[in-house]
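*Asks:* One file is attached below, start_24.pdb, containing PDB, C-alpha atoms, pLDDT in the B column.
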```
ATOM      1  CA  MET R   6     149.303  91.782 103.025  1.00 69.00           C
ATOM      2  CA  ILE R   7     146.497  89.627 104.335  1.00 79.00           C
ATOM      3  CA  SER R   8     146.567  86.047 103.126  1.00 87.00           C
ATOM      4  CA  LEU R   9     143.185  84.626 102.174  1.00 87.00           C
ATOM      5  CA  THR R  10     142.176  81.028 101.743  1.00 93.00           C
ATOM      6  CA  ASP R  11     140.560  79.916  98.514  1.00 95.00           C
ATOM      7  CA  SER R  12     137.087  79.892 100.048  1.00 94.00           C
ATOM      8  CA  GLN R  13     137.610  83.430 101.375  1.00 94.00           C
ATOM      9  CA  LYS R  14     138.659  84.578  97.897  1.00 95.00           C
ATOM     10  CA  ILE R  15     135.496  83.030  96.471  1.00 96.00           C
ATOM     11  CA  GLY R  16     133.499  84.725  99.235  1.00 96.00           C
ATOM     12  CA  MET R  17     135.019  88.110  98.444  1.00 95.00           C
ATOM     13  CA  GLY R  18     134.049  87.660  94.805  1.00 96.00           C
ATOM     14  CA  LEU R  19     130.512  86.583  95.685  1.00 97.00           C
ATOM     15  CA  THR R  20     130.110  89.483  98.106  1.00 95.00           C
ATOM     16  CA  GLY R  21     131.433  91.952  95.536  1.00 96.00           C
ATOM     17  CA  PHE R  22     129.070  90.656  92.874  1.00 97.00           C
ATOM     18  CA  GLY R  23     126.248  90.767  95.413  1.00 96.00           C
ATOM     19  CA  VAL R  24     126.900  94.427  96.196  1.00 95.00           C
ATOM     20  CA  PHE R  25     127.145  95.162  92.469  1.00 97.00           C
ATOM     21  CA  PHE R  26     123.820  93.453  91.722  1.00 97.00           C
ATOM     22  CA  LEU R  27     122.141  95.204  94.671  1.00 95.00           C
ATOM     23  CA  PHE R  28     123.409  98.594  93.499  1.00 95.00           C
ATOM     24  CA  PHE R  29     122.517  97.882  89.869  1.00 96.00           C
ATOM     25  CA  GLY R  30     119.073  96.616  90.893  1.00 95.00           C
ATOM     26  CA  MET R  31     118.392  99.855  92.773  1.00 94.00           C
ATOM     27  CA  MET R  32     119.659 101.938  89.854  1.00 95.00           C
ATOM     28  CA  LEU R  33     117.212 100.141  87.560  1.00 95.00           C
ATOM     29  CA  PHE R  34     114.234 101.189  89.686  1.00 93.00           C
ATOM     30  CA  PHE R  35     114.267  98.300  92.142  1.00 93.00           C
ATOM     31  CA  ASP R  36     114.394  95.438  89.671  1.00 94.00           C
ATOM     32  CA  LYS R  37     113.198  92.337  91.544  1.00 93.00           C
ATOM     33  CA  ALA R  38     115.464  89.847  89.803  1.00 94.00           C
ATOM     34  CA  LEU R  39     118.680  91.826  90.248  1.00 96.00           C
ATOM     35  CA  LEU R  40     117.934  92.567  93.898  1.00 95.00           C
ATOM     36  CA  ALA R  41     117.148  88.909  94.587  1.00 94.00           C
ATOM     37  CA  ILE R  42     120.385  87.768  92.926  1.00 96.00           C
ATOM     38  CA  GLY R  43     122.320  90.443  94.819  1.00 96.00           C
ATOM     39  CA  ASN R  44     120.848  89.368  98.160  1.00 94.00           C
ATOM     40  CA  ILE R  45     121.628  85.713  97.575  1.00 95.00           C
ATOM     41  CA  LEU R  46     125.184  86.454  96.431  1.00 96.00           C
ATOM     42  CA  PHE R  47     125.838  88.853  99.329  1.00 94.00           C
ATOM     43  CA  VAL R  48     124.643  86.498 102.064  1.00 92.00           C
ATOM     44  CA  SER R  49     126.390  83.467 100.540  1.00 95.00           C
ATOM     45  CA  GLY R  50     129.594  85.466 100.034  1.00 96.00           C
ATOM     46  CA  LEU R  51     129.522  86.602 103.645  1.00 92.00           C
ATOM     47  CA  SER R  52     129.251  83.008 104.800  1.00 95.00           C
ATOM     48  CA  PHE R  53     132.192  82.021 102.589  1.00 96.00           C
ATOM     49  CA  VAL R  54     134.354  84.861 103.922  1.00 94.00           C
ATOM     50  CA  ILE R  55     133.831  84.341 107.644  1.00 93.00           C
ATOM     51  CA  GLY R  56     132.614  80.742 107.645  1.00 94.00           C
ATOM     52  CA  LEU R  57     129.218  79.171 108.171  1.00 94.00           C
ATOM     53  CA  GLU R  58     129.494  78.801 111.940  1.00 95.00           C
ATOM     54  CA  ARG R  59     130.678  82.365 112.536  1.00 94.00           C
ATOM     55  CA  THR R  60     128.012  83.716 110.176  1.00 92.00           C
ATOM     56  CA  PHE R  61     125.338  81.821 112.086  1.00 93.00           C
ATOM     57  CA  ARG R  62     126.714  83.045 115.429  1.00 94.00           C
ATOM     58  CA  PHE R  63     126.864  86.637 114.153  1.00 91.00           C
ATOM     59  CA  PHE R  64     123.292  86.752 112.884  1.00 92.00           C
ATOM     60  CA  PHE R  65     121.610  84.745 115.628  1.00 93.00           C
ATOM     61  CA  GLN R  66     122.909  86.362 118.814  1.00 93.00           C
ATOM     62  CA  ARG R  67     120.184  87.118 121.337  1.00 93.00           C
ATOM     63  CA  HIS R  68     120.754  90.885 121.331  1.00 94.00           C
ATOM     64  CA  LYS R  69     120.782  91.018 117.504  1.00 94.00           C
ATOM     65  CA  PHE R  70     117.494  89.174 117.018  1.00 95.00           C
ATOM     66  CA  LYS R  71     115.560  92.295 115.986  1.00 96.00           C
ATOM     67  CA  ALA R  72     118.238  93.351 113.500  1.00 96.00           C
ATOM     68  CA  THR R  73     118.514  89.871 112.012  1.00 96.00           C
ATOM     69  CA  SER R  74     114.742  89.649 111.707  1.00 97.00           C
ATOM     70  CA  PHE R  75     114.581  92.898 109.761  1.00 97.00           C
ATOM     71  CA  PHE R  76     117.559  92.060 107.531  1.00 96.00           C
ATOM     72  CA  LEU R  77     116.573  88.485 106.658  1.00 95.00           C
ATOM     73  CA  GLY R  78     112.912  89.485 106.518  1.00 96.00           C
ATOM     74  CA  GLY R  79     113.842  92.140 103.969  1.00 96.00           C
ATOM     75  CA  VAL R  80     115.724  89.551 101.926  1.00 94.00           C
ATOM     76  CA  PHE R  81     112.637  87.313 102.018  1.00 96.00           C
ATOM     77  CA  VAL R  82     110.308  90.171 101.048  1.00 96.00           C
ATOM     78  CA  VAL R  83     112.551  90.987  98.059  1.00 95.00           C
ATOM     79  CA  LEU R  84     112.550  87.324  97.047  1.00 93.00           C
ATOM     80  CA  ILE R  85     108.743  87.128  97.097  1.00 94.00           C
ATOM     81  CA  GLY R  86     108.446  90.190  94.881  1.00 92.00           C
ATOM     82  CA  TRP R  87     108.112  93.428  96.883  1.00 95.00           C
ATOM     83  CA  PRO R  88     111.509  95.029  96.285  1.00 95.00           C
ATOM     84  CA  ILE R  89     111.010  98.534  97.696  1.00 95.00           C
ATOM     85  CA  ILE R  90     109.589  97.356 101.023  1.00 96.00           C
ATOM     86  CA  GLY R  91     112.220  94.620 101.207  1.00 96.00           C
ATOM     87  CA  VAL R  92     115.122  96.996 100.590  1.00 96.00           C
ATOM     88  CA  VAL R  93     113.845  99.385 103.263  1.00 96.00           C
ATOM     89  CA  LEU R  94     113.652  96.497 105.754  1.00 97.00           C
ATOM     90  CA  GLU R  95     117.125  95.300 104.754  1.00 95.00           C
ATOM     91  CA  ILE R  96     118.695  98.731 105.159  1.00 94.00           C
ATOM     92  CA  TYR R  97     117.165  99.163 108.606  1.00 96.00           C
ATOM     93  CA  GLY R  98     118.308  95.680 109.637  1.00 96.00           C
ATOM     94  CA  PHE R  99     121.777  96.326 108.200  1.00 92.00           C
ATOM     95  CA  PHE R 100     122.162  99.506 110.260  1.00 91.00           C
ATOM     96  CA  LEU R 101     121.011  97.691 113.386  1.00 93.00           C
ATOM     97  CA  LEU R 102     123.360  94.757 112.752  1.00 92.00           C
ATOM     98  CA  PHE R 103     126.457  96.841 112.086  1.00 87.00           C
ATOM     99  CA  ARG R 104     125.863  99.822 114.375  1.00 87.00           C
ATOM    100  CA  GLY R 105     128.775  98.757 116.577  1.00 86.00           C
ATOM    101  CA  PHE R 106     131.070  99.068 113.569  1.00 86.00           C
ATOM    102  CA  PHE R 107     130.033 102.622 112.636  1.00 85.00           C
ATOM    103  CA  PRO R 108     132.153 104.440 115.269  1.00 88.00           C
ATOM    104  CA  VAL R 109     135.238 102.569 114.040  1.00 88.00           C
ATOM    105  CA  ALA R 110     134.433 103.369 110.403  1.00 84.00           C
ATOM    106  CA  VAL R 111     133.784 107.060 111.165  1.00 86.00           C
ATOM    107  CA  GLY R 112     137.056 107.305 113.091  1.00 87.00           C
ATOM    108  CA  PHE R 113     138.925 105.720 110.185  1.00 87.00           C
ATOM    109  CA  ILE R 114     137.309 107.972 107.570  1.00 87.00           C
ATOM    110  CA  ARG R 115     138.095 111.075 109.630  1.00 88.00           C
ATOM    111  CA  ARG R 116     141.820 110.255 109.354  1.00 91.00           C
ATOM    112  CA  ILE R 117     141.719 110.165 105.542  1.00 90.00           C
ATOM    113  CA  PRO R 118     142.934 113.582 104.298  1.00 90.00           C
ATOM    114  CA  VAL R 119     140.163 114.717 101.914  1.00 90.00           C
ATOM    115  CA  LEU R 120     137.268 112.781 103.435  1.00 87.00           C
ATOM    116  CA  GLY R 121     138.195 113.865 106.952  1.00 89.00           C
ATOM    117  CA  SER R 122     137.952 117.519 106.001  1.00 90.00           C
ATOM    118  CA  LEU R 123     134.582 116.878 104.317  1.00 90.00           C
ATOM    119  CA  LEU R 124     133.273 115.235 107.485  1.00 88.00           C
ATOM    120  CA  SER R 125     134.333 118.311 109.462  1.00 88.00           C
ATOM    121  CA  LEU R 126     131.987 120.658 107.577  1.00 89.00           C
ATOM    122  CA  PRO R 127     129.313 122.231 109.816  1.00 88.00           C
ATOM    123  CA  GLY R 128     126.171 120.449 108.555  1.00 86.00           C
ATOM    124  CA  ILE R 129     127.844 117.114 107.978  1.00 88.00           C
ATOM    125  CA  SER R 130     129.770 117.093 111.253  1.00 88.00           C
ATOM    126  CA  ALA R 131     126.639 116.907 113.430  1.00 87.00           C
ATOM    127  CA  LEU R 132     125.220 114.060 111.345  1.00 86.00           C
ATOM    128  CA  VAL R 133     128.500 112.122 111.404  1.00 85.00           C
ATOM    129  CA  ASP R 134     128.831 112.630 115.158  1.00 84.00           C
ATOM    130  CA  LYS R 135     125.314 111.226 115.584  1.00 83.00           C
ATOM    131  CA  ILE R 136     126.124 108.209 113.405  1.00 77.00           C
ATOM    132  CA  GLY R 137     129.457 107.743 115.159  1.00 75.00           C
ATOM    133  CA  GLU R 138     127.762 107.192 118.505  1.00 75.00           C
ATOM    134  CA  SER R 139     127.025 103.478 118.778  1.00 58.00           C
ATOM    135  CA  ASN R 140     123.885 103.664 120.925  1.00 57.00           C
ATOM    136  CA  THR R 141     121.909 106.286 118.973  1.00 47.00           C
ATOM    137  CA  MET R 142     120.471 103.979 116.307  1.00 48.00           C
ATOM    138  CA  VAL R 143     118.182 101.857 118.443  1.00 48.00           C
TER     139      VAL R 143
END
```
Please express what this file holds, its structure, as structure tokens.

*Replies:*
Amino acid sequence: MISLTDSQKIGMGLTGFGVFFLFFGMMLFFDKALLAIGNILFVSGLSFVIGLERTFRFFFQRHKFKATSFFLGGVFVVLIGWPIIGVVLEIYGFFLLFRGFFPVAVGFIRRIPVLGSLLSLPGISALVDKIGESNTMV
């Protein structure tokens, strides 16, 4: 089992609550307050989990400037009161930030018995193969 420090445990809780509030805010027709709380909790939880310095280095790398701009810009747009536009910007920035992780995630999911067979279906397989390639989402 992975041992976590106390600050990482707090960060996992904050990140989990952030994801919950983001999901709940979208389910309630893009409620501004819930989305804003979810964004703040998610970003602060991420910084607790991996540390402030590593979070800063992750977001502000030269080749990730466009992705960071869209993600943090989307957070800002949600905070000022335009939730639908902000969420769209955040999702695009999120995909750009974590596109290097998608091939690993797709490979892992393909090894899970039920999900792997679902990803092998004809219509879904082409889409998953496209997502699994790291350079297609530019």

*Asks:* Go through R:Val133, R:Leu33, R:Val82, R:Ala72 and flag the residue nearest R:Val109, using only C-alpha atoms for the distances.

*Replies:*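 Of the candidates, the smallest distance to R:Val109 is held by R:Val133.
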
*Asks:* Give as an MDAnalysis selection string the residues that the PyMOL selection byres ((chain R and resi 49-64) around 12) matches when applied to the coordinates above.

*Replies:* chainID R and resid 9:24 42:48 65:77 98:99 101:103

*Asks:* Would you mind exporting the chosen residues as a tab-separated table (two decimals), in the coordinates of the input, restricted to C-alpha atoms?

*Replies:*
```tsv
chain	number	residue	atom	x	y	z
R	9	LEU	CA	143.18	84.63	102.17
R	10	THR	CA	142.18	81.03	101.74
R	11	ASP	CA	140.56	79.92	98.51
R	12	SER	CA	137.09	79.89	100.05
R	13	GLN	CA	137.61	83.43	101.38
R	14	LYS	CA	138.66	84.58	97.90
R	15	ILE	CA	135.50	83.03	96.47
R	16	GLY	CA	133.50	84.72	99.24
R	17	MET	CA	135.02	88.11	98.44
R	18	GLY	CA	134.05	87.66	94.80
R	19	LEU	CA	130.51	86.58	95.68
R	20	THR	CA	130.11	89.48	98.11
R	21	GLY	CA	131.43	91.95	95.54
R	22	PHE	CA	129.07	90.66	92.87
R	23	GLY	CA	126.25	90.77	95.41
R	24	VAL	CA	126.90	94.43	96.20
R	42	ILE	CA	120.38	87.77	92.93
R	43	GLY	CA	122.32	90.44	94.82
R	44	ASN	CA	120.85	89.37	98.16
R	45	ILE	CA	121.63	85.71	97.58
R	46	LEU	CA	125.18	86.45	96.43
R	47	PHE	CA	125.84	88.85	99.33
R	48	VAL	CA	124.64	86.50	102.06
R	65	PHE	CA	121.61	84.74	115.63
R	66	GLN	CA	122.91	86.36	118.81
R	67	ARG	CA	120.18	87.12	121.34
R	68	HIS	CA	120.75	90.88	121.33
R	69	LYS	CA	120.78	91.02	117.50
R	70	PHE	CA	117.49	89.17	117.02
R	71	LYS	CA	115.56	92.30	115.99
R	72	ALA	CA	118.24	93.35	113.50
R	73	THR	CA	118.51	89.87	112.01
R	74	SER	CA	114.74	89.65	111.71
R	75	PHE	CA	114.58	92.90	109.76
R	76	PHE	CA	117.56	92.06	107.53
R	77	LEU	CA	116.57	88.48	106.66
R	98	GLY	CA	118.31	95.68	109.64
R	99	PHE	CA	121.78	96.33	108.20
R	101	LEU	CA	121.01	97.69	113.39
R	102	LEU	CA	123.36	94.76	112.75
R	103	PHE	CA	126.46	96.84	112.09
```

*Asks:* Leaving out R:Val83 and any residue of its chain fewer than 2 positions from it, which residues lie within 9 Å of it when counting only C-alpha atoms, given as a list in words?

*Replies:*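 The contact residues come out as Lys37, Ala38, Leu40, Ala41, Asn44, Gly78, Gly79, Val80, Phe81, Ile85, Gly86, Trp87, Pro88, Ile89, Ile90, Gly91 and Val92 of chain R.
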
*Asks:* Hey, which of R:Asp36, R:Gly137, R:Leu94, R:Ser130 ends up closest to R:Phe113? Count only C-alpha atoms.

*Replies:* R:Gly137

*Asks:* Can you measure atom CA of R:Tyr97 to atom CA of R:Val119 for me? One decimal in Å is fine.

*Replies:*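 Atom-to-atom, atom CA of R:Tyr97 and atom CA of R:Val119 are spaced 28.6 Å apart.
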
*Asks:* Have a look at atom CA of R:Leu120 and atom CA of R:Phe107 and let me know their distance in Å, one decimal.

*Replies:*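 One can read the atom CA of R:Leu120 to atom CA of R:Phe107 distance as 15.5 Å.
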
*Asks:* Take atom CA of R:Ala131 and atom CA of R:Pro118 and report the distance between them in Å, one decimal.

*Replies:*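 Interatomic distance, atom CA of R:Ala131 to atom CA of R:Pro118: 19.0 Å.
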
*Asks:* With only C-alpha atoms counted, which protein, DNA or RNA residues have an atom no more than 12 Å from (135.2, 108.9, 114.9) in the file frame? Please answer as an NGL selection string.

*Replies:* :R and (106-117 or 121 or 124-125 or 130-139)

*Asks:* Can you tell me, as AutoDock Vina command-line options, the centre and edge lengths (Å, one decimal) of the axis-aligned box enclosing all of stretch 122-137 of chain R's listed atoms after padding each side by 4 Å?

*Replies:*
```
--center_x 131.6 --center_y 115.0 --center_z 110.0 --size_x 20.7 --size_y 22.5 --size_z 19.3
```
